[in-house]
$ cat structure_22.csv   # CSV, C-alpha atoms and all ligand atoms
chain,number,residue,atom,x,y,z
A,1,MET,CA,-21.7,5.4,5.5
A,2,LEU,CA,-19.8,8.5,6.6
A,3,ASN,CA,-22.8,10.0,8.2
A,4,ASN,CA,-21.6,10.2,11.7
A,5,LEU,CA,-18.8,12.5,11.0
A,6,THR,CA,-17.9,15.8,12.6
A,7,ILE,CA,-15.4,18.1,11.1
A,8,ILE,CA,-12.9,19.5,13.6
A,9,GLN,CA,-10.7,21.4,11.2
A,10,ASN,CA,-11.5,22.1,7.6
A,11,GLY,CA,-9.0,21.1,4.9
A,12,ASP,CA,-8.5,22.0,1.3
A,13,ALA,CA,-10.3,20.6,-1.7
A,14,SER,CA,-8.0,17.5,-1.8
A,15,GLY,CA,-8.5,16.9,1.9
A,16,ASN,CA,-5.2,18.1,3.2
A,17,GLY,CA,-5.5,19.1,6.8
A,18,MET,CA,-9.1,17.8,7.2
A,19,VAL,CA,-9.3,16.7,10.8
A,20,ALA,CA,-12.6,15.0,11.4
A,21,LYS,CA,-14.1,12.6,14.0
A,22,ILE,CA,-16.0,9.5,12.9
A,23,ARG,CA,-18.2,8.0,15.6
A,24,LEU,CA,-19.0,4.3,15.1
A,25,PRO,CA,-22.3,2.8,16.5
A,26,SER,CA,-20.4,1.3,19.4
A,27,GLY,CA,-19.2,4.7,20.4
A,28,LEU,CA,-15.6,4.1,19.3
A,29,GLU,CA,-14.2,7.2,17.6
A,30,ILE,CA,-11.7,7.5,14.8
A,31,VAL,CA,-10.0,10.8,14.0
A,32,THR,CA,-8.9,11.5,10.5
A,33,LEU,CA,-5.4,13.1,10.1
A,34,PRO,CA,-4.6,13.6,6.4
A,35,THR,CA,-1.1,14.8,5.7
A,36,LYS,CA,0.4,16.2,2.5
A,37,ASN,CA,1.5,13.7,-0.1
A,38,PHE,CA,2.6,15.1,-3.3
A,39,TYR,CA,5.6,13.8,-5.3
A,40,GLY,CA,5.1,16.2,-8.2
A,41,GLY,CA,4.2,15.5,-11.8
A,42,HIS,CA,0.8,14.2,-12.9
A,43,TRP,CA,0.4,11.7,-10.2
A,44,ASP,CA,-1.7,12.9,-7.3
A,45,LEU,CA,-3.0,10.3,-4.9
A,46,GLY,CA,-4.2,13.0,-2.5
A,47,PRO,CA,-3.0,13.2,1.0
A,48,THR,CA,-2.1,10.2,3.1
A,49,TRP,CA,-5.1,9.5,5.5
A,50,ASN,CA,-3.6,8.6,8.8
A,51,TYR,CA,-6.2,7.6,11.4
A,52,ALA,CA,-6.2,7.9,15.2
A,53,VAL,CA,-8.3,5.1,16.7
A,54,MET,CA,-9.6,6.3,20.1
A,55,ALA,CA,-9.5,2.9,21.8
A,56,ASP,CA,-8.9,2.6,25.6
A,57,ARG,CA,-5.3,3.6,24.8
A,58,PRO,CA,-5.5,5.5,21.5
A,59,PHE,CA,-3.3,4.4,18.6
A,60,LEU,CA,-2.4,5.7,15.2
A,61,VAL,CA,-2.5,4.0,11.9
A,62,ASP,CA,0.3,5.4,9.6
A,63,ALA,CA,2.6,8.4,10.0
A,64,GLY,CA,2.5,10.3,6.7
A,65,ARG,CA,5.4,11.3,4.5
A,66,PHE,CA,8.9,12.2,5.6
A,67,GLY,CA,8.8,15.7,7.2
A,68,GLN,CA,5.1,15.3,8.3
A,69,GLY,CA,5.6,14.0,11.8
A,70,ARG,CA,5.4,17.3,13.6
A,71,LEU,CA,2.3,18.3,11.6
A,72,LEU,CA,0.7,15.1,12.6
A,73,VAL,CA,1.3,15.8,16.3
A,74,ASP,CA,-0.2,19.3,15.8
A,75,MET,CA,-3.2,17.9,14.0
A,76,MET,CA,-3.8,15.4,16.8
A,77,ASP,CA,-3.5,18.3,19.3
A,78,THR,CA,-6.4,20.1,17.4
A,79,ALA,CA,-8.5,17.0,18.0
A,80,GLY,CA,-7.5,16.9,21.7
A,81,ILE,CA,-5.1,14.0,21.5
A,82,LYS,CA,-1.8,14.6,23.4
A,83,PRO,CA,1.5,13.0,22.4
A,84,GLY,CA,1.5,11.0,25.6
A,85,ASP,CA,-1.9,9.6,24.9
A,86,LEU,CA,-0.6,7.4,22.1
A,87,GLU,CA,0.0,3.8,22.9
A,88,PHE,CA,1.5,2.9,19.5
A,89,VAL,CA,1.5,3.7,15.8
A,90,LEU,CA,0.8,0.8,13.4
A,91,ILE,CA,2.3,1.1,9.9
A,92,SER,CA,-0.1,-0.1,7.2
A,93,HIS,CA,2.9,-0.8,4.8
A,94,SER,CA,6.4,0.2,4.1
A,95,HIS,CA,5.8,2.9,1.4
A,96,GLU,CA,7.2,6.2,2.2
A,97,ASP,CA,3.9,8.1,2.2
A,98,HIS,CA,2.9,5.9,5.2
A,99,ASP,CA,6.1,5.5,7.2
A,100,GLY,CA,8.1,8.6,6.2
A,101,GLY,CA,7.0,10.6,9.3
A,102,LEU,CA,7.5,7.6,11.6
A,103,ALA,CA,10.8,8.4,13.2
A,104,GLU,CA,9.9,12.0,13.9
A,105,LEU,CA,6.5,10.9,15.3
A,106,VAL,CA,8.2,8.3,17.6
A,107,GLU,CA,10.6,11.0,18.8
A,108,LEU,CA,7.8,13.4,19.6
A,109,THR,CA,5.4,11.0,21.2
A,110,GLU,CA,7.6,8.2,22.5
A,111,CYS,CA,5.0,5.7,21.3
A,112,ARG,CA,5.8,2.1,20.3
A,113,VAL,CA,5.8,0.9,16.7
A,114,LYS,CA,3.8,-2.0,15.4
A,115,ALA,CA,4.2,-3.4,11.8
A,116,HIS,CA,4.2,-6.6,10.0
A,117,ALA,CA,7.3,-8.8,10.5
A,118,VAL,CA,8.3,-8.2,6.9
A,119,TYR,CA,8.5,-4.5,7.6
A,120,ASP,CA,11.0,-5.1,10.3
A,121,VAL,CA,13.2,-6.9,7.8
A,122,LEU,CA,12.8,-4.4,5.0
A,123,ILE,CA,13.8,-1.3,7.0
A,124,ARG,CA,17.2,-2.7,8.0
A,125,GLN,CA,20.5,-2.3,6.3
A,126,TYR,CA,22.5,-5.4,5.1
A,127,PRO,CA,25.7,-4.0,3.8
A,128,ALA,CA,27.1,-7.4,2.9
A,129,LEU,CA,24.0,-8.4,1.0
A,130,ALA,CA,23.0,-5.1,-0.7
A,131,PRO,CA,23.7,-4.6,-4.4
A,132,ARG,CA,27.2,-3.1,-4.9
A,133,GLY,CA,27.6,0.6,-5.0
A,134,TYR,CA,25.5,3.4,-3.5
A,135,LYS,CA,22.7,1.1,-2.5
A,136,GLN,CA,24.8,-0.5,0.3
A,137,ALA,CA,23.8,2.5,2.5
A,138,PHE,CA,20.1,1.7,2.0
A,139,PRO,CA,17.7,-0.7,3.6
A,140,ALA,CA,16.4,-3.8,1.7
A,141,LYS,CA,13.1,-2.0,0.8
A,142,CYS,CA,15.1,0.4,-1.4
A,143,TRP,CA,17.1,-2.1,-3.3
A,144,HIS,CA,14.7,-2.3,-6.2
A,145,CYS,CA,13.9,1.4,-6.3
A,146,ASN,CA,14.6,2.9,-9.8
A,147,MET,CA,15.2,6.5,-8.8
A,148,PRO,CA,18.7,7.8,-9.5
A,149,ALA,CA,21.3,8.1,-6.8
A,150,SER,CA,21.1,11.9,-6.8
A,151,PHE,CA,17.4,11.7,-5.8
A,152,PHE,CA,18.1,9.0,-3.2
A,153,GLU,CA,20.9,11.0,-1.5
A,154,LYS,CA,18.9,14.2,-1.3
A,155,ASN,CA,15.5,12.9,-0.3
A,156,CYS,CA,15.8,9.5,1.3
A,157,LEU,CA,19.1,8.6,2.9
A,158,GLY,CA,18.5,10.6,6.1
A,159,TYR,CA,15.0,9.1,6.6
A,160,HIS,CA,16.2,5.6,6.2
A,161,GLN,CA,19.2,6.0,8.5
A,162,VAL,CA,16.8,7.1,11.3
A,163,LEU,CA,14.4,4.2,10.6
A,164,GLN,CA,17.3,1.7,11.1
A,165,ASN,CA,17.3,2.3,14.8
A,166,LEU,CA,13.6,1.9,15.4
A,167,GLU,CA,12.4,-1.0,17.5
A,168,VAL,CA,9.3,-2.7,15.9
A,169,ASP,CA,6.8,-4.9,17.7
A,170,CYS,CA,6.2,-7.4,14.9
A,171,ILE,CA,2.8,-8.6,13.8
A,172,GLY,CA,2.5,-11.9,12.0
A,173,ASP,CA,0.3,-13.3,9.1
A,174,LYS,CA,-2.5,-14.5,11.3
A,175,PRO,CA,-5.0,-12.0,12.6
A,176,GLU,CA,-3.7,-10.4,15.8
A,177,LYS,CA,-5.7,-8.7,18.5
A,178,ILE,CA,-4.2,-5.2,19.2
A,179,ASP,CA,-7.0,-3.9,21.4
A,180,LYS,CA,-10.5,-4.9,22.6
A,181,ASP,CA,-12.4,-6.1,19.4
A,182,ILE,CA,-9.6,-4.7,17.2
A,183,SER,CA,-7.4,-6.9,15.2
A,184,THR,CA,-5.0,-6.9,12.2
A,185,ILE,CA,-5.2,-8.8,9.0
A,186,HIS,CA,-2.2,-9.3,6.6
A,187,LEU,CA,-3.1,-8.4,3.1
A,188,PRO,CA,0.1,-8.6,1.0
A,189,GLY,CA,0.2,-7.8,-2.7
A,190,HIS,CA,0.4,-4.1,-3.1
A,191,SER,CA,3.2,-4.3,-0.6
A,192,PRO,CA,4.5,-7.5,1.0
A,193,ASP,CA,3.9,-6.1,4.5
A,194,SER,CA,0.4,-4.6,4.1
A,195,LEU,CA,-1.8,-4.7,7.2
A,196,ALA,CA,-5.4,-3.7,7.6
A,197,VAL,CA,-7.0,-3.0,11.0
A,198,VAL,CA,-10.4,-4.5,11.6
A,199,LEU,CA,-12.5,-2.6,14.2
A,200,GLY,CA,-15.1,-5.3,15.2
A,201,SER,CA,-17.8,-5.5,12.6
A,202,GLU,CA,-17.9,-1.7,12.2
A,203,ALA,CA,-15.0,-0.5,10.3
A,204,ILE,CA,-11.8,-1.5,8.5
A,205,ILE,CA,-8.7,0.7,7.9
A,206,VAL,CA,-7.3,-0.8,4.7
A,207,GLY,CA,-4.2,1.2,3.9
A,208,ASP,CA,-3.6,1.2,0.1
A,209,VAL,CA,-5.2,-2.2,-0.5
A,210,VAL,CA,-8.5,-0.7,-1.6
A,211,LEU,CA,-8.8,2.9,-2.6
A,212,PRO,CA,-11.6,4.9,-4.2
A,213,ASP,CA,-11.0,6.1,-7.8
A,214,ILE,CA,-7.5,4.5,-7.9
A,215,THR,CA,-6.5,1.0,-8.6
A,216,PRO,CA,-3.6,0.1,-6.2
A,217,TRP,CA,-0.7,-1.2,-8.2
A,218,PRO,CA,0.3,-4.8,-7.5
A,219,THR,CA,3.9,-5.8,-6.8
A,220,ARG,CA,5.9,-8.1,-9.2
A,221,LEU,CA,6.8,-11.5,-8.1
A,222,GLU,CA,10.3,-10.8,-9.4
A,223,GLN,CA,10.8,-8.2,-6.7
A,224,TYR,CA,11.2,-11.0,-4.2
A,225,ASP,CA,14.4,-12.1,-6.0
A,226,GLU,CA,16.0,-8.7,-5.3
A,227,ILE,CA,15.6,-9.1,-1.6
A,228,ALA,CA,15.4,-12.9,-1.4
A,229,GLU,CA,18.5,-13.3,0.8
A,230,VAL,CA,17.0,-11.3,3.6
A,231,LEU,CA,13.4,-12.7,3.2
A,232,THR,CA,14.0,-16.4,2.6
A,233,PRO,CA,14.8,-17.2,6.2
A,234,ILE,CA,11.2,-16.2,7.2
A,235,TYR,CA,9.4,-16.4,3.8
A,236,PRO,CA,10.7,-19.0,1.4
A,237,GLN,CA,7.9,-18.4,-1.1
A,238,ALA,CA,7.7,-15.3,-3.2
A,239,GLY,CA,4.1,-15.8,-4.0
A,240,ALA,CA,3.1,-15.5,-0.3
A,241,LEU,CA,4.1,-11.8,-0.3
A,242,PHE,CA,4.4,-10.5,-3.8
A,243,GLY,CA,2.6,-10.3,-7.1
A,244,LEU,CA,-0.9,-9.9,-8.6
A,245,ASN,CA,-2.0,-13.3,-7.6
A,246,CYS,CA,-1.1,-12.5,-4.0
A,247,TYR,CA,-2.9,-9.2,-4.2
A,248,LEU,CA,-6.1,-10.9,-5.6
A,249,ASP,CA,-5.9,-13.4,-2.7
A,250,SER,CA,-5.9,-10.4,-0.3
A,251,LEU,CA,-9.0,-9.0,-2.0
A,252,ALA,CA,-10.6,-12.4,-1.5
A,253,LYS,CA,-9.8,-12.2,2.2
A,254,LEU,CA,-11.6,-8.8,2.3
A,255,LYS,CA,-14.5,-10.4,0.4
A,256,GLN,CA,-15.0,-12.8,3.3
A,257,ILE,CA,-15.1,-9.9,5.7
A,258,VAL,CA,-17.7,-8.1,3.6
A,259,ASP,CA,-19.8,-11.2,3.2
A,260,ARG,CA,-20.1,-11.3,7.0
A,261,THR,CA,-20.5,-7.5,7.5
A,262,PRO,CA,-21.8,-6.0,4.2
A,263,ASP,CA,-22.1,-2.4,5.6
A,264,ILE,CA,-18.6,-2.2,7.1
A,265,LEU,CA,-17.1,1.3,7.0
A,266,VAL,CA,-14.0,1.3,4.8
A,267,LEU,CA,-11.3,3.9,5.7
A,268,PRO,CA,-8.7,4.0,2.9
A,269,ALA,CA,-5.2,5.7,3.1
A,270,HIS,CA,-6.0,8.0,0.1
A,271,ARG,CA,-8.9,10.0,-1.1
A,272,LEU,CA,-11.4,9.5,1.7
A,273,PHE,CA,-12.1,13.1,0.8
A,274,TYR,CA,-11.0,14.4,-2.6
A,275,ASN,CA,-12.2,16.9,-5.2
A,276,ASP,CA,-14.3,18.6,-2.5
A,277,GLN,CA,-16.3,15.5,-1.6
A,278,TRP,CA,-16.3,12.5,0.8
A,279,ASN,CA,-15.8,9.1,-0.8
A,280,GLY,CA,-17.7,6.3,0.9
A,281,ILE,CA,-16.6,2.9,-0.3
A,282,GLN,CA,-19.2,0.2,-0.8
A,283,LEU,CA,-16.6,-2.6,-0.2
A,284,SER,CA,-18.4,-5.4,-2.0
A,285,ASP,CA,-18.8,-3.3,-5.2
A,286,ARG,CA,-15.3,-1.9,-5.0
A,287,LEU,CA,-13.8,-5.4,-4.7
A,288,ASP,CA,-15.7,-6.5,-7.8
A,289,GLN,CA,-14.5,-3.5,-9.7
A,290,LEU,CA,-10.9,-4.1,-8.8
A,291,VAL,CA,-11.1,-7.8,-9.7
A,292,GLN,CA,-12.8,-6.9,-13.1
A,293,HIS,CA,-10.1,-4.3,-13.7
A,294,HIS,CA,-7.4,-7.0,-13.4
A,295,ILE,CA,-9.3,-9.5,-15.5
A,296,GLN,CA,-9.7,-6.9,-18.3
A,297,ARG,CA,-6.0,-6.0,-18.1
A,298,CYS,CA,-5.0,-9.6,-18.4
A,299,GLY,CA,-7.3,-10.1,-21.4
A,300,ALA,CA,-6.0,-6.9,-23.0
A,301,ILE,CA,-2.4,-8.2,-22.7
A,302,LEU,CA,-3.3,-11.5,-24.4
A,303,ASP,CA,-5.1,-9.6,-27.2
A,304,ILE,CA,-2.0,-7.5,-27.8
A,305,LEU,CA,0.1,-10.7,-27.9
A,306,ALA,CA,-2.3,-12.3,-30.4
A,307,THR,CA,-0.3,-10.6,-33.1
A,308,GLY,CA,3.0,-12.2,-31.9
A,309,MET,CA,5.8,-12.1,-29.4
A,310,LYS,CA,6.4,-8.7,-27.7
A,311,GLU,CA,8.7,-7.1,-25.2
A,312,VAL,CA,7.2,-5.4,-22.1
A,313,ASP,CA,8.0,-1.9,-23.5
A,314,GLU,CA,6.0,-2.6,-26.7
A,315,ILE,CA,3.0,-3.9,-24.7
A,316,VAL,CA,3.2,-0.7,-22.5
A,317,GLN,CA,3.2,1.4,-25.6
A,318,LEU,CA,0.2,-0.4,-27.1
A,319,HIS,CA,-1.8,-0.7,-23.9
A,320,PHE,CA,-1.5,2.7,-22.1
A,321,LYS,CA,-2.3,6.2,-23.3
A,322,GLU,CA,0.8,8.3,-24.1
A,323,SER,CA,-0.2,10.8,-21.4
A,324,LEU,CA,0.1,8.2,-18.7
A,325,LEU,CA,3.6,7.3,-19.6
A,326,GLU,CA,5.3,10.6,-18.7
A,327,GLY,CA,7.8,10.7,-15.9
A,328,PRO,CA,7.5,7.9,-13.4
A,329,GLY,CA,4.4,6.8,-15.3
A,330,ARG,CA,6.4,4.6,-17.7
A,331,HIS,CA,8.0,2.7,-14.9
A,332,MET,CA,4.6,2.2,-13.2
A,333,ALA,CA,3.1,1.0,-16.5
A,334,ALA,CA,5.8,-1.6,-17.0
A,335,ASN,CA,5.3,-2.8,-13.4
A,336,GLU,CA,1.6,-3.3,-14.3
A,337,ILE,CA,2.3,-5.3,-17.4
A,338,VAL,CA,5.0,-7.5,-15.7
A,339,SER,CA,2.8,-8.2,-12.7
A,340,HIS,CA,-0.1,-9.3,-15.0
A,341,ALA,CA,2.2,-11.3,-17.3
A,342,GLU,CA,3.5,-13.2,-14.2
A,343,LEU,CA,-0.1,-14.2,-13.3
A,344,LEU,CA,-0.9,-15.2,-17.0
A,345,GLN,CA,2.3,-17.2,-17.1
A,346,ALA,CA,1.3,-19.1,-13.9
A,347,CYS,CA,-2.0,-19.8,-15.5
A,348,GLY,CA,-0.3,-21.2,-18.7
A,349,ASP,CA,-1.7,-18.4,-20.9
A,350,LEU,CA,1.6,-16.8,-21.7
A,351,GLU,CA,5.3,-17.8,-21.9
A,352,GLU,CA,8.2,-15.6,-21.1
A,353,VAL,CA,10.6,-16.3,-24.0
A,354,GLU,CA,13.4,-14.2,-22.5
A,355,LYS,CA,13.3,-11.7,-19.6
A,356,HIS,CA,10.2,-9.5,-20.0
A,357,CYS,CA,9.5,-10.8,-23.6
A,358,TYR,CA,6.3,-12.7,-23.9
A,359,THR,CA,4.3,-14.9,-26.2
A,360,ALA,CA,0.7,-16.0,-25.8
A,361,THR,CA,-0.1,-19.7,-25.7
A,362,GLY,CA,-3.6,-19.4,-26.9
A,363,SER,CA,-5.3,-20.4,-23.7
A,364,ARG,CA,-7.3,-18.0,-21.4
A,365,ASN,CA,-7.3,-19.9,-18.1
A,366,PHE,CA,-6.8,-16.7,-16.1
A,367,GLU,CA,-10.5,-15.8,-16.0
A,368,GLN,CA,-11.4,-19.1,-14.4
A,369,HIS,CA,-8.4,-18.8,-12.0
A,370,ILE,CA,-9.3,-15.3,-10.8
A,371,ALA,CA,-13.0,-16.1,-10.6
A,372,SER,CA,-12.3,-19.1,-8.4
A,373,LYS,CA,-10.9,-16.9,-5.7
A,374,SER,CA,-14.2,-15.4,-4.7
A,401,ZN,ZN,1.3,2.1,-1.0
A,402,ZN,ZN,0.0,5.3,-0.3
$ encode --input "structure_22.csv" --output "structure tokens" --more "lines below"
Ligand SMILES: [Zn+2]
Ligand SMILES: [Zn+2]
Amino acid sequence: MLNNLTIIQNGDASGNGMVAKIRLPSGLEIVTLPTKNFYGGHWDLGPTWNYAVMADRPFLVDAGRFGQGRLLVDMMDTAGIKPGDLEFVLISHSHEDHDGGLAELVELTECRVKAHAVYDVLIRQYPALAPRGYKQAFPAKCWHCNMPASFFEKNCLGYHQVLQNLEVDCIGDKPEKIDKDISTIHLPGHSPDSLAVVLGSEAIIVGDVVLPDITPWPTRLEQYDEIAEVLTPIYPQAGALFGLNCYLDSLAKLKQIVDRTPDILVLPAHRLFYNDQWNGIQLSDRLDQLVQHHIQRCGAILDILATGMKEVDEIVQLHFKESLLEGPGRHMAANEIVSHAELLQACGDLEEVEKHCYTATGSRNFEQHIASKS
């Protein structure tokens, strides 16, 4: 699937710096621009794979982490793409490893920015609506972040203040044509503003919605409540943007695409190349694996609850290996359990006795519910 690929500049074993050109059967070329993405600790997603799509007016998907904008411009130069060639950059979703370098990139290239309409809401400040205290200086997308203020102030504040001033051309929920035979598709769930870019019947740039090796984490429905005041005017329903159910609906949308075009080339935002090898994704198989993963996790949570009511922390402890719970791992593990518990609750398989404390009802409707999506 990655057979028509020419390496322009070699990268390291994780793929950092690997500039390569992929030529699709129609002749359309895509240039890979992976930039460093390491937050420290045990978690390594590998670099962020930004892609330049060499359409009539080239555009970029994603802008790497904060501080990577200049490097991205230099890598494009290696591939013969000049700053003035870029028509726009499209942001796959609002996570910092995808939009961190955005402001710098816009300054260097003067290109336009396209993103989902929710992105445009999340990057703005709302001092009157923000939680009291230090978070008032941060945009809505940071209100639920669990990192301490000392981390925020050192690493994020500057980046968010620059983003405030960006003008964004908003993309809606319906597929939108952004170039000849190229359109967007809204795939919320991992992030409320996730967009994929469909290149005819040849390729799809999926952001973090589908990754090799890694199961993208789903958001929690309850995250909507934290930013409801800024989202309700355009999105009154949490389930349309957040949660595992929403993520599984997005996978079902991808399933429809793969049913039409089984051999579509999938370009993920992490690990296209990792551990010294290229990772082609067979989309149909990968979607099945991801769905099975979530079915198994839902089942495992109900098994744990079979012995009685439990708090989220107890379920985390019983479900995950201790080594996965170090550092930010514990927070991510709790996110996993809550997002699955929300879906189980909606299916009637579980009840939330008090906040994040659950009991099983004895039913297992979730399997039927998830299976019915595809
Ligand atoms: Zn992400
Ligand atoms: Zn990512």
$ residues_near_ligand --input "structure_22.csv" --ligand "ligand ZN 401 (chain A)" --cutoff "12 Å" --atoms "all atoms listed in the file" --output "PDB file with C-alpha atoms, in the coordinates of the input"
ATOM      1  CA  ASN A  37       1.500  13.700  -0.100  1.00  0.00           C
ATOM      2  CA  LEU A  45      -3.000  10.300  -4.900  1.00  0.00           C
ATOM      3  CA  THR A  48      -2.100  10.200   3.100  1.00  0.00           C
ATOM      4  CA  TRP A  49      -5.100   9.500   5.500  1.00  0.00           C
ATOM      5  CA  ASP A  62       0.300   5.400   9.600  1.00  0.00           C
ATOM      6  CA  GLY A  64       2.500  10.300   6.700  1.00  0.00           C
ATOM      7  CA  ARG A  65       5.400  11.300   4.500  1.00  0.00           C
ATOM      8  CA  ILE A  91       2.300   1.100   9.900  1.00  0.00           C
ATOM      9  CA  SER A  92      -0.100  -0.100   7.200  1.00  0.00           C
ATOM     10  CA  HIS A  93       2.900  -0.800   4.800  1.00  0.00           C
ATOM     11  CA  SER A  94       6.400   0.200   4.100  1.00  0.00           C
ATOM     12  CA  HIS A  95       5.800   2.900   1.400  1.00  0.00           C
ATOM     13  CA  GLU A  96       7.200   6.200   2.200  1.00  0.00           C
ATOM     14  CA  ASP A  97       3.900   8.100   2.200  1.00  0.00           C
ATOM     15  CA  HIS A  98       2.900   5.900   5.200  1.00  0.00           C
ATOM     16  CA  ASP A  99       6.100   5.500   7.200  1.00  0.00           C
ATOM     17  CA  GLY A 100       8.100   8.600   6.200  1.00  0.00           C
ATOM     18  CA  PRO A 188       0.100  -8.600   1.000  1.00  0.00           C
ATOM     19  CA  GLY A 189       0.200  -7.800  -2.700  1.00  0.00           C
ATOM     20  CA  HIS A 190       0.400  -4.100  -3.100  1.00  0.00           C
ATOM     21  CA  SER A 191       3.200  -4.300  -0.600  1.00  0.00           C
ATOM     22  CA  PRO A 192       4.500  -7.500   1.000  1.00  0.00           C
ATOM     23  CA  ASP A 193       3.900  -6.100   4.500  1.00  0.00           C
ATOM     24  CA  SER A 194       0.400  -4.600   4.100  1.00  0.00           C
ATOM     25  CA  LEU A 195      -1.800  -4.700   7.200  1.00  0.00           C
ATOM     26  CA  VAL A 206      -7.300  -0.800   4.700  1.00  0.00           C
ATOM     27  CA  GLY A 207      -4.200   1.200   3.900  1.00  0.00           C
ATOM     28  CA  ASP A 208      -3.600   1.200   0.100  1.00  0.00           C
ATOM     29  CA  VAL A 209      -5.200  -2.200  -0.500  1.00  0.00           C
ATOM     30  CA  VAL A 210      -8.500  -0.700  -1.600  1.00  0.00           C
ATOM     31  CA  LEU A 211      -8.800   2.900  -2.600  1.00  0.00           C
ATOM     32  CA  ILE A 214      -7.500   4.500  -7.900  1.00  0.00           C
ATOM     33  CA  THR A 215      -6.500   1.000  -8.600  1.00  0.00           C
ATOM     34  CA  PRO A 216      -3.600   0.100  -6.200  1.00  0.00           C
ATOM     35  CA  TRP A 217      -0.700  -1.200  -8.200  1.00  0.00           C
ATOM     36  CA  PRO A 218       0.300  -4.800  -7.500  1.00  0.00           C
ATOM     37  CA  THR A 219       3.900  -5.800  -6.800  1.00  0.00           C
ATOM     38  CA  PRO A 268      -8.700   4.000   2.900  1.00  0.00           C
ATOM     39  CA  ALA A 269      -5.200   5.700   3.100  1.00  0.00           C
ATOM     40  CA  HIS A 270      -6.000   8.000   0.100  1.00  0.00           C
TER      41      HIS A 270
END
$ axis_aligned_box --input "structure_22.csv" --around "stretch 129-140 of chain A" --padding-each-side "8 Å" --output "AutoDock Vina command-line options"
--center_x 22.0 --center_y -2.5 --center_z -0.7 --size_x 27.2 --size_y 27.8 --size_z 24.6
$ residues_around --input "structure_22.csv" --residues "A:Thr359" --least-positions-apart "6" --cutoff "8 Å" --atoms "all atoms listed in the file" --output "VMD selection string"
chain A and resid 305 308 to 310 350 to 353
$ residues_around --input "structure_22.csv" --residues "A:Leu71" --least-positions-apart "3" --cutoff "10 Å" --atoms "all atoms listed in the file" --output "ChimeraX atom specification"
/A:17,33-36,64,67-68,74-77,101,105
$ atom_distance --input "structure_22.csv" --atom1 "atom CA of A:Phe242" --atom2 "atom CA of A:Gln223"
7.4 Å
$ residues_around --input "structure_22.csv" --residues "A:Gly46" --least-positions-apart "2" --cutoff "6 Å" --atoms "all atoms listed in the file" --output "list in words"
Ser14, Asp44, His270 and Arg271 of chain A
$ residues_around --input "structure_22.csv" --residues "A:Ile304" --least-positions-apart "6" --cutoff "10 Å" --atoms "all atoms listed in the file" --output "ChimeraX atom specification"
/A:310,314-315,318-319,359-360
$ atom_distance --input "structure_22.csv" --atom1 "atom CA of A:Glu326" --atom2 "atom CA of A:Leu302"
24.4 Å
$ residues_around --input "structure_22.csv" --residues "A:Leu5" --least-positions-apart "5" --cutoff "10 Å" --atoms "all atoms listed in the file" --output "ChimeraX atom specification"
/A:20-24,29-32
$ atom_distance --input "structure_22.csv" --atom1 "atom CA of A:Pro212" --atom2 "atom CA of A:Val113"
27.5 Å
$ closest_atom_pairs --input "structure_22.csv" --of "stretch 307-366 of chain A" --to "stretch 290-293 of chain A" --cutoff "12 Å" --atoms "all atoms listed in the file" --output "Markdown table"
| residue | atom | partner | partner_atom | distance |
| --- | --- | --- | --- | --- |
| A:Glu336 | CA | A:His293 | CA | 11.8 |
| A:His340 | CA | A:His293 | CA | 11.3 |
| A:Phe366 | CA | A:Val291 | CA | 11.8 |
